[in-house]
>>> print(open('data.txt').read())   # compact mmCIF, C-alpha atoms and all ligand atoms
# COMPACT_ATOMS: atom_id res chain seq x y z
CA MET D 28 -33.96 12.02 -5.52
CA PRO D 29 -33.79 9.33 -8.21
CA VAL D 30 -33.60 5.64 -7.41
CA ARG D 31 -29.92 4.79 -7.56
CA ALA D 32 -28.27 1.38 -7.32
CA TYR D 33 -25.40 0.94 -4.92
CA ASN D 34 -22.87 0.14 -7.63
CA PHE D 35 -19.77 -1.63 -6.30
CA ALA D 36 -18.02 -1.81 -9.71
CA ALA D 37 -14.26 -1.34 -9.77
CA GLY D 38 -14.43 0.98 -12.78
CA PRO D 39 -16.13 2.66 -14.45
CA ALA D 40 -17.50 3.23 -10.99
CA MET D 41 -20.28 4.99 -9.15
CA LEU D 42 -20.37 8.78 -9.44
CA PRO D 43 -21.85 11.14 -6.84
CA THR D 44 -25.59 11.55 -7.40
CA ALA D 45 -25.38 15.29 -6.71
CA VAL D 46 -22.82 15.66 -9.50
CA LEU D 47 -24.92 13.70 -11.98
CA GLU D 48 -27.96 15.78 -11.07
CA GLN D 49 -26.05 19.00 -11.72
CA ALA D 50 -24.74 17.68 -15.03
CA LYS D 51 -28.30 16.74 -15.95
CA THR D 52 -29.58 20.22 -15.16
CA GLU D 53 -26.91 21.81 -17.34
CA LEU D 54 -26.84 19.18 -20.04
CA THR D 55 -28.73 20.93 -22.81
CA ASP D 56 -27.86 24.51 -21.87
CA TRP D 57 -24.44 24.92 -20.33
CA GLN D 58 -23.76 28.39 -18.94
CA GLY D 59 -26.49 29.93 -21.05
CA SER D 60 -24.86 28.85 -24.30
CA GLY D 61 -27.86 26.90 -25.54
CA MET D 62 -25.42 24.02 -26.01
CA SER D 63 -24.15 21.20 -23.87
CA VAL D 64 -20.56 21.32 -22.67
CA MET D 65 -19.91 18.51 -25.15
CA GLU D 66 -20.89 20.75 -28.04
CA VAL D 67 -18.79 23.85 -27.34
CA SER D 68 -15.31 24.52 -28.70
CA HIS D 69 -12.49 23.33 -26.49
CA ARG D 70 -10.65 26.50 -27.52
CA GLY D 71 -13.46 28.88 -26.61
CA LYS D 72 -13.22 30.97 -23.43
CA PRO D 73 -15.94 29.10 -21.49
CA PHE D 74 -14.38 25.69 -21.90
CA VAL D 75 -10.82 26.92 -21.36
CA ALA D 76 -12.07 28.41 -18.07
CA CYS D 77 -13.82 25.13 -17.21
CA ALA D 78 -10.58 23.13 -17.69
CA ALA D 79 -8.60 25.76 -15.78
CA HIS D 80 -11.08 25.49 -12.92
CA ALA D 81 -10.70 21.70 -12.80
CA GLU D 82 -6.92 22.05 -12.66
CA ALA D 83 -7.05 24.79 -10.00
CA GLN D 84 -9.47 22.76 -7.86
CA LEU D 85 -7.27 19.64 -8.20
CA ARG D 86 -4.20 21.66 -7.21
CA SER D 87 -6.02 23.11 -4.24
CA LEU D 88 -7.42 19.80 -2.94
CA LEU D 89 -4.20 17.83 -3.36
CA GLY D 90 -1.90 20.72 -2.48
CA VAL D 91 0.05 20.36 -5.72
CA PRO D 92 3.23 22.46 -5.46
CA ASP D 93 3.86 25.13 -8.13
CA ASN D 94 6.77 23.21 -9.62
CA TYR D 95 4.46 20.46 -10.86
CA ARG D 96 2.51 20.38 -14.13
CA VAL D 97 -1.00 18.95 -14.22
CA LEU D 98 -1.79 17.25 -17.53
CA PHE D 99 -5.15 16.02 -18.82
CA LEU D 100 -4.38 13.19 -21.26
CA GLN D 101 -6.08 10.33 -23.02
CA GLY D 102 -5.29 6.64 -23.30
CA GLY D 103 -6.08 5.89 -19.67
CA ALA D 104 -3.62 4.78 -17.05
CA SER D 105 -2.60 2.01 -19.45
CA GLY D 106 -1.35 4.62 -21.92
CA GLN D 107 0.85 6.01 -19.17
CA PHE D 108 2.42 2.59 -18.61
CA ALA D 109 4.12 3.27 -21.98
CA ALA D 110 4.24 7.09 -21.89
CA ILE D 111 6.15 7.27 -18.60
CA PRO D 112 9.20 5.33 -19.85
CA MET D 113 9.01 7.24 -23.16
CA ASN D 114 9.23 10.54 -21.27
CA LEU D 115 11.56 9.63 -18.42
CA THR D 116 14.11 7.21 -19.92
CA GLU D 117 16.46 6.55 -22.77
CA PRO D 118 16.98 3.09 -24.23
CA GLY D 119 19.19 1.01 -21.96
CA ASP D 120 18.25 2.85 -18.74
CA VAL D 121 17.41 1.00 -15.57
CA VAL D 122 13.99 1.44 -13.97
CA ALA D 123 12.91 -0.10 -10.65
CA PHE D 124 9.51 -1.56 -9.80
CA LEU D 125 7.64 -2.82 -6.77
CA HIS D 126 5.46 -5.72 -7.93
CA THR D 127 2.38 -6.01 -5.73
CA GLY D 128 -0.26 -7.32 -8.11
CA GLN D 129 -1.70 -7.30 -11.59
CA TRP D 130 -1.55 -3.56 -12.29
CA SER D 131 2.06 -3.18 -11.28
CA ALA D 132 2.85 -6.25 -13.42
CA LYS D 133 1.29 -4.54 -16.44
CA ALA D 134 3.36 -1.43 -15.83
CA VAL D 135 6.52 -3.58 -15.80
CA LYS D 136 5.56 -5.29 -19.05
CA ALA D 137 4.83 -2.07 -20.88
CA ALA D 138 8.12 -0.54 -19.72
CA GLN D 139 10.08 -3.56 -20.92
CA ARG D 140 8.86 -2.89 -24.43
CA GLN D 141 10.65 0.47 -24.30
CA HIS D 142 14.08 -1.21 -24.40
CA LEU D 143 15.08 -0.63 -20.83
CA THR D 144 16.08 -2.80 -17.92
CA ALA D 145 13.13 -3.20 -15.58
CA GLU D 146 14.38 -4.31 -12.19
CA VAL D 147 11.67 -5.73 -9.96
CA ILE D 148 13.19 -5.02 -6.56
CA ALA D 149 10.28 -6.39 -4.53
CA ASP D 150 7.78 -9.03 -5.61
CA GLU D 151 4.98 -10.16 -3.31
CA ALA D 152 4.41 -13.45 -5.18
CA ALA D 153 5.16 -15.49 -2.05
CA SER D 154 1.99 -14.15 -0.38
CA ASN D 155 0.04 -14.45 -3.63
CA TYR D 156 -0.01 -10.64 -3.68
CA THR D 157 -1.82 -10.14 -0.40
CA THR D 158 0.95 -8.02 1.13
CA VAL D 159 3.13 -5.00 0.43
CA PRO D 160 6.91 -5.03 0.93
CA ALA D 161 8.01 -3.79 4.35
CA PRO D 162 9.49 -0.28 4.37
CA GLY D 163 13.24 -0.51 3.85
CA SER D 164 13.11 -4.13 2.63
CA PHE D 165 14.06 -3.21 -0.93
CA MET D 166 17.08 -1.50 -2.50
CA VAL D 167 16.63 0.89 -5.39
CA PRO D 168 19.60 0.58 -7.80
CA SER D 169 21.46 3.88 -7.63
CA GLY D 170 21.39 4.46 -11.39
CA ALA D 171 17.66 3.85 -11.75
CA ARG D 172 15.73 6.62 -13.49
CA TYR D 173 12.75 6.15 -11.20
CA LEU D 174 10.96 3.78 -8.83
CA HIS D 175 7.46 2.80 -9.95
CA TYR D 176 4.82 1.43 -7.62
CA THR D 177 1.06 0.99 -7.40
CA PRO D 178 -0.27 2.57 -4.17
CA ASN D 179 -3.54 0.64 -4.51
CA GLU D 180 -3.85 -2.64 -6.39
CA THR D 181 -7.46 -2.48 -7.55
CA ILE D 182 -7.83 -6.20 -8.26
CA GLY D 183 -6.13 -7.63 -5.18
CA GLY D 184 -7.40 -4.95 -2.80
CA VAL D 185 -3.89 -4.24 -1.52
CA GLU D 186 -2.96 -0.68 -0.53
CA PHE D 187 0.37 0.69 0.69
CA PRO D 188 0.03 2.14 4.20
CA TYR D 189 3.19 4.19 3.61
CA VAL D 190 5.06 6.07 0.86
CA PRO D 191 8.17 4.18 -0.30
CA GLU D 192 11.50 5.93 0.24
CA ALA D 193 13.75 6.36 -2.78
CA ASP D 194 16.65 8.58 -3.80
CA VAL D 195 15.28 8.52 -7.34
CA PRO D 196 11.97 10.00 -8.53
CA LEU D 197 8.96 8.08 -7.24
CA VAL D 198 6.36 7.30 -9.92
CA ALA D 199 2.94 6.12 -8.71
CA ASP D 200 -0.17 4.71 -10.38
CA PHE D 201 -2.86 6.31 -8.22
CA SER D 202 -5.75 5.23 -10.48
CA SER D 203 -7.91 3.65 -7.80
CA THR D 204 -6.99 5.68 -4.74
CA ILE D 205 -6.38 9.27 -5.87
CA LEU D 206 -8.51 11.77 -3.93
CA SER D 207 -9.45 9.14 -1.34
CA ARG D 208 -7.27 10.90 1.25
CA PRO D 209 -4.68 13.68 1.44
CA ILE D 210 -1.27 12.88 -0.06
CA ASP D 211 2.06 14.70 -0.01
CA VAL D 212 2.58 15.35 -3.72
CA ALA D 213 6.12 16.63 -3.09
CA ARG D 214 7.22 13.09 -2.25
CA TYR D 215 6.56 12.06 -5.85
CA GLY D 216 8.20 12.72 -9.19
CA LEU D 217 5.08 11.71 -11.07
CA ILE D 218 1.54 10.72 -10.12
CA TYR D 219 -0.92 9.37 -12.68
CA ALA D 220 -4.44 8.03 -12.66
CA GLY D 221 -7.22 7.01 -14.99
CA ALA D 222 -10.33 9.00 -14.09
CA GLN D 223 -12.97 6.28 -14.02
CA LYS D 224 -12.49 5.16 -10.42
CA ASN D 225 -12.48 8.30 -8.29
CA MET D 226 -12.35 11.24 -10.70
CA GLY D 227 -15.17 10.94 -13.18
CA PRO D 228 -16.07 9.19 -16.40
CA ALA D 229 -13.62 7.11 -18.42
CA GLY D 230 -11.63 8.82 -21.15
CA LEU D 231 -9.37 11.04 -19.08
CA ALA D 232 -5.99 10.32 -17.52
CA VAL D 233 -4.50 12.84 -15.11
CA VAL D 234 -0.72 13.19 -14.79
CA ILE D 235 0.92 15.35 -12.10
CA VAL D 236 4.59 15.63 -12.95
CA ARG D 237 7.50 17.60 -11.46
CA ASP D 238 9.00 20.21 -13.80
CA ASP D 239 12.46 18.65 -13.98
CA LEU D 240 10.96 15.43 -15.40
CA VAL D 241 9.29 17.31 -18.26
CA GLY D 242 11.13 17.90 -21.52
CA HIS D 243 13.10 14.67 -21.87
CA ALA D 244 10.82 12.60 -24.11
CA ARG D 245 12.42 10.25 -26.58
CA PRO D 246 12.27 11.70 -30.11
CA THR D 247 9.88 8.93 -31.15
CA THR D 248 7.27 9.88 -28.51
CA PRO D 249 3.91 10.87 -30.01
CA ASP D 250 3.18 14.54 -29.26
CA ILE D 251 -0.01 13.67 -27.42
CA TRP D 252 2.03 11.69 -24.89
CA ASP D 253 5.00 14.05 -24.76
CA TYR D 254 4.65 15.79 -21.40
CA LYS D 255 6.40 18.95 -22.62
CA ALA D 256 4.34 19.23 -25.78
CA MET D 257 1.16 18.73 -23.77
CA ALA D 258 2.19 21.05 -20.93
CA ASP D 259 3.09 23.79 -23.43
CA ALA D 260 -0.35 23.41 -25.03
CA ASP D 261 -2.28 23.35 -21.70
CA SER D 262 -3.21 19.73 -22.53
CA MET D 263 -5.01 20.97 -25.66
CA LEU D 264 -2.63 19.96 -28.40
CA ASN D 265 -5.54 18.00 -29.77
CA THR D 266 -9.20 17.87 -28.75
CA PRO D 267 -9.31 16.87 -25.09
CA PRO D 268 -12.07 14.71 -23.55
CA THR D 269 -14.13 17.80 -22.75
CA PHE D 270 -17.04 16.16 -20.97
CA ALA D 271 -14.73 14.13 -18.73
CA ILE D 272 -12.77 17.27 -17.78
CA TYR D 273 -16.01 19.15 -17.05
CA LEU D 274 -17.26 16.31 -14.85
CA LEU D 275 -13.92 16.10 -13.06
CA GLY D 276 -14.40 19.76 -12.15
CA LEU D 277 -17.87 19.04 -10.74
CA ILE D 278 -16.54 16.10 -8.72
CA LEU D 279 -13.70 18.19 -7.31
CA ASP D 280 -16.22 20.89 -6.35
CA TRP D 281 -18.29 18.20 -4.63
CA ILE D 282 -15.25 17.00 -2.68
CA ALA D 283 -14.42 20.57 -1.65
CA ALA D 284 -18.03 21.22 -0.61
CA THR D 285 -18.17 18.06 1.51
CA GLY D 286 -15.11 18.89 3.59
CA GLY D 287 -12.15 18.23 1.28
CA LEU D 288 -9.78 15.29 1.41
CA THR D 289 -9.44 15.13 5.18
CA ALA D 290 -13.17 14.60 5.61
CA MET D 291 -13.16 12.25 2.62
CA ALA D 292 -10.42 10.17 4.26
CA GLU D 293 -12.38 9.96 7.51
CA ARG D 294 -15.47 8.72 5.68
CA ASN D 295 -13.48 6.26 3.56
CA GLU D 296 -11.58 4.84 6.51
CA ALA D 297 -14.81 4.35 8.45
CA LYS D 298 -16.59 2.71 5.49
CA ALA D 299 -13.71 0.28 4.95
CA ALA D 300 -13.33 -0.48 8.66
CA ALA D 301 -17.02 -1.36 8.95
CA LEU D 302 -16.89 -3.72 5.98
CA TYR D 303 -13.67 -5.45 7.07
CA ALA D 304 -15.07 -5.84 10.59
CA ALA D 305 -18.15 -7.54 9.16
CA ILE D 306 -15.99 -9.89 7.08
CA ASP D 307 -13.57 -10.67 9.90
CA GLY D 308 -16.41 -11.17 12.37
CA SER D 309 -17.85 -14.04 10.35
CA ASP D 310 -16.64 -17.52 9.39
CA PHE D 311 -18.84 -17.31 6.32
CA TYR D 312 -16.82 -14.51 4.61
CA ALA D 313 -13.07 -14.01 4.32
CA ASN D 314 -10.65 -11.38 3.01
CA PRO D 315 -7.14 -12.65 2.18
CA VAL D 316 -5.21 -9.40 2.49
CA THR D 317 -2.84 -8.84 5.39
CA PRO D 318 -4.52 -6.29 7.71
CA ASN D 319 -1.91 -3.52 7.36
CA ALA D 320 -2.24 -3.54 3.56
CA ARG D 321 -6.01 -3.67 3.20
CA SER D 322 -7.39 -1.23 0.67
CA TRP D 323 -9.88 1.46 1.62
CA MET D 324 -11.21 1.40 -1.93
CA ASN D 325 -11.43 -2.22 -3.12
CA VAL D 326 -12.49 -4.97 -0.73
CA PRO D 327 -12.30 -8.50 -2.17
CA PHE D 328 -13.98 -11.24 -0.17
CA THR D 329 -14.85 -14.88 -0.64
CA LEU D 330 -17.68 -17.05 0.63
CA ALA D 331 -16.68 -20.15 2.60
CA ASP D 332 -18.71 -22.15 0.08
CA PRO D 333 -18.03 -20.85 -3.47
CA ALA D 334 -21.03 -22.86 -4.66
CA LEU D 335 -23.14 -20.07 -3.12
CA ASP D 336 -21.45 -17.31 -5.16
CA GLY D 337 -24.16 -17.28 -7.83
CA ASP D 338 -26.98 -17.09 -5.29
CA PHE D 339 -25.18 -14.33 -3.41
CA LEU D 340 -24.75 -12.21 -6.53
CA LYS D 341 -28.32 -12.74 -7.65
CA ALA D 342 -29.82 -11.85 -4.28
CA ALA D 343 -27.50 -8.83 -3.95
CA GLU D 344 -28.55 -7.56 -7.36
CA ALA D 345 -32.21 -7.92 -6.38
CA ALA D 346 -31.45 -5.85 -3.25
CA GLY D 347 -29.98 -3.02 -5.38
CA LEU D 348 -26.35 -3.97 -4.65
CA THR D 349 -24.78 -4.34 -8.08
CA ASN D 350 -21.47 -5.42 -9.62
CA LEU D 351 -20.12 -7.33 -6.63
CA LYS D 352 -18.62 -10.13 -8.71
CA GLY D 353 -14.89 -10.40 -8.09
CA HIS D 354 -12.28 -10.01 -10.82
CA ARG D 355 -12.19 -13.10 -13.04
CA SER D 356 -8.63 -13.84 -11.95
CA VAL D 357 -9.47 -13.82 -8.24
CA GLY D 358 -13.05 -15.11 -8.06
CA GLY D 359 -15.38 -14.47 -5.14
CA MET D 360 -16.61 -10.95 -4.59
CA ARG D 361 -15.16 -7.48 -4.68
CA ALA D 362 -16.82 -4.41 -3.22
CA SER D 363 -15.30 -1.24 -4.63
CA ILE D 364 -16.20 1.55 -2.24
CA TYR D 365 -14.78 4.68 -3.82
CA ASN D 366 -15.50 8.24 -2.71
CA ALA D 367 -18.94 8.26 -4.34
CA MET D 368 -20.16 5.15 -2.49
CA PRO D 369 -22.19 6.55 0.42
CA ARG D 370 -21.91 5.11 3.90
CA GLU D 371 -25.51 3.94 3.48
CA GLY D 372 -24.41 1.72 0.56
CA VAL D 373 -21.74 0.03 2.67
CA ASP D 374 -24.18 -0.40 5.55
CA ALA D 375 -26.73 -1.91 3.14
CA LEU D 376 -24.09 -4.37 1.91
CA ILE D 377 -23.13 -5.33 5.46
CA ALA D 378 -26.78 -5.89 6.40
CA PHE D 379 -27.32 -7.93 3.24
CA MET D 380 -24.25 -10.08 3.96
CA ALA D 381 -25.45 -10.81 7.50
CA GLU D 382 -28.91 -11.77 6.25
CA PHE D 383 -27.46 -13.97 3.49
CA GLU D 384 -25.25 -15.73 6.05
CA ARG D 385 -28.26 -16.23 8.34
CA THR D 386 -30.29 -17.84 5.58
CA HIS D 387 -27.45 -19.80 3.91
CA GLY D 388 -24.88 -20.39 6.67
C1 LIG D 401 -8.09 0.70 -13.68
C2 LIG D 401 -6.62 0.75 -13.45
C3 LIG D 401 -5.71 0.89 -14.50
C4 LIG D 401 -6.14 0.91 -15.94
O1 LIG D 401 -6.77 2.09 -16.25
P1 LIG D 401 -7.24 2.37 -17.76
O2 LIG D 401 -7.70 3.77 -17.66
O3 LIG D 401 -8.29 1.38 -18.09
O4 LIG D 401 -6.06 2.21 -18.64
C5 LIG D 401 -4.37 0.97 -14.20
N1 LIG D 401 -3.94 0.90 -12.93
C6 LIG D 401 -4.79 0.76 -11.89
C7 LIG D 401 -4.25 0.71 -10.51
C8 LIG D 401 -6.15 0.67 -12.12
O5 LIG D 401 -7.00 0.53 -11.10
>>> encode(input="data.txt", output="structure tokens")
Amino acid sequence: MPVRAYNFAAGPAMLPTAVLEQAKTELTDWQGSGMSVMEVSHRGKPFVACAAHAEAQLRSLLGVPDNYRVLFLQGGASGQFAAIPMNLTEPGDVVAFLHTGQWSAKAVKAAQRQHLTAEVIADEAASNYTTVPAPGSFMVPSGARYLHYTPNETIGGVEFPYVPEADVPLVADFSSTILSRPIDVARYGLIYAGAQKNMGPAGLAVVIVRDDLVGHARPTTPDIWDYKAMADADSMLNTPPTFAIYLLGLILDWIAATGGLTAMAERNEAKAAALYAAIDGSDFYANPVTPNARSWMNVPFTLADPALDGDFLKAAEAAGLTNLKGHRSVGGMRASIYNAMPREGVDALIAFMAEFERTHG
């Protein structure tokens, strides 16, 4: 096996070594074509089958009901911040938001530019975005077209431990937590995610949308972001990000081969629990997030003495633990421990943290 860093980056993030090895093996001769998957036509039978396989595997793992479309789009999750209101609202409509951190704030801002009324019905500012609203503590306006929330705030490390209730379609930015555990897709009107956290390389955004929400795009919506136009064209209205879709398929196969989402959830929960226990068990490290809303995927932590941050990062890097620097807006450290981060990587980080505390505490 190659020497691989334990890469704690928030995104683009670590990918499973087994998947990269397979991609490497097939890179110059994919399926006997004498070409890489990047060089074949997206309209040829082999690639159409490859994309269909990725969709089928995603549907199988997540249990996507038949009345949902799966779309492979471009423009990242950020593109969807604009595309969702373009597809689901008319000018003047009301849309409701739960504001739990920086990503949900961006979704609000982008929606506001679509000439609608964005009602923030819960805002965790009072806790400095270290909490989620309690179930039932917010009221969705009855005329709202949808309720948008961010199940996992990647920067703050805040994750909803429950699915919000709403009488209107629930729209969720699953970018940094999709495929980390089973979810009940039927509870949602629309799920979207950029691929580069848990689904593969950057360049692909996945949208899972219920049929009744497709076909209502504003006339000014670009075709490539019109859910109906894209669904009708099997997401191939234009040239899709073929390599990213191929790699998504390999990652989904890897998840299926390692026990599916239930086993993935068990591993993720155990990894996160071990890291939080190490942080909580020390006066040297701290995590600000309220325990019931701590993310399984992104674990921010601070050192009691921020003057040691530079030394910590340098020594971690030297130990093969990379990209632990926290988001510039938060400071401190952040360990992103997505599906591809092995338990050994988390254990190596915990051992490193204990040793650093011993020598610097
Ligand atoms: C990374 C991230 C985004 C932005 O994704 P892009 O693909 O860069 O647009 C949006 N929301 C969340 C929750 C994220 O983690």
>>> residues_around(input="data.txt", residues="Gln223 of chain D", least_positions_apart="6", cutoff="6 Å", atoms="only C-alpha atoms", output="PyMOL selection string")
chain D and resi 38-39+229
>>> residues_near_ligand(input="data.txt", ligand="ligand LIG 401 (chain D)", cutoff="7 Å", atoms="all atoms listed in the file", output="ChimeraX atom specification")
/D:38,102-106,130,177,179-181,200-203,221-223,229,232
>>> atom_distance(input="data.txt", atom1="atom CA of Leu288 of chain D", atom2="atom CA of Leu42 of chain D")
16.5 Å
>>> closest_residue(input="data.txt", among="D:Tyr173, D:Tyr365, D:Phe99, D:Phe124", to="Asp261 of chain D", atoms="all atoms listed in the file")
D:Phe99
>>> residues_near_point(input="data.txt", point="(-2.5, 17.7, -26.4)", cutoff="9 Å", atoms="all atoms listed in the file", output="mmCIF file with C-alpha atoms, in the frame of the given file")
data_model
loop_
_atom_site.group_PDB
_atom_site.id
_atom_site.type_symbol
_atom_site.label_atom_id
_atom_site.label_comp_id
_atom_site.auth_asym_id
_atom_site.auth_seq_id
_atom_site.Cartn_x
_atom_site.Cartn_y
_atom_site.Cartn_z
ATOM 1 C CA LEU D 98 -1.790 17.250 -17.530
ATOM 2 C CA PHE D 99 -5.150 16.020 -18.820
ATOM 3 C CA LEU D 100 -4.380 13.190 -21.260
ATOM 4 C CA GLN D 101 -6.080 10.330 -23.020
ATOM 5 C CA ASP D 250 3.180 14.540 -29.260
ATOM 6 C CA ILE D 251 -0.010 13.670 -27.420
ATOM 7 C CA TRP D 252 2.030 11.690 -24.890
ATOM 8 C CA ASP D 253 5.000 14.050 -24.760
ATOM 9 C CA TYR D 254 4.650 15.790 -21.400
ATOM 10 C CA ALA D 256 4.340 19.230 -25.780
ATOM 11 C CA MET D 257 1.160 18.730 -23.770
ATOM 12 C CA ALA D 258 2.190 21.050 -20.930
ATOM 13 C CA ASP D 259 3.090 23.790 -23.430
ATOM 14 C CA ALA D 260 -0.350 23.410 -25.030
ATOM 15 C CA ASP D 261 -2.280 23.350 -21.700
ATOM 16 C CA SER D 262 -3.210 19.730 -22.530
ATOM 17 C CA MET D 263 -5.010 20.970 -25.660
ATOM 18 C CA LEU D 264 -2.630 19.960 -28.400
ATOM 19 C CA ASN D 265 -5.540 18.000 -29.770
ATOM 20 C CA THR D 266 -9.200 17.870 -28.750
ATOM 21 C CA PRO D 267 -9.310 16.870 -25.090
#
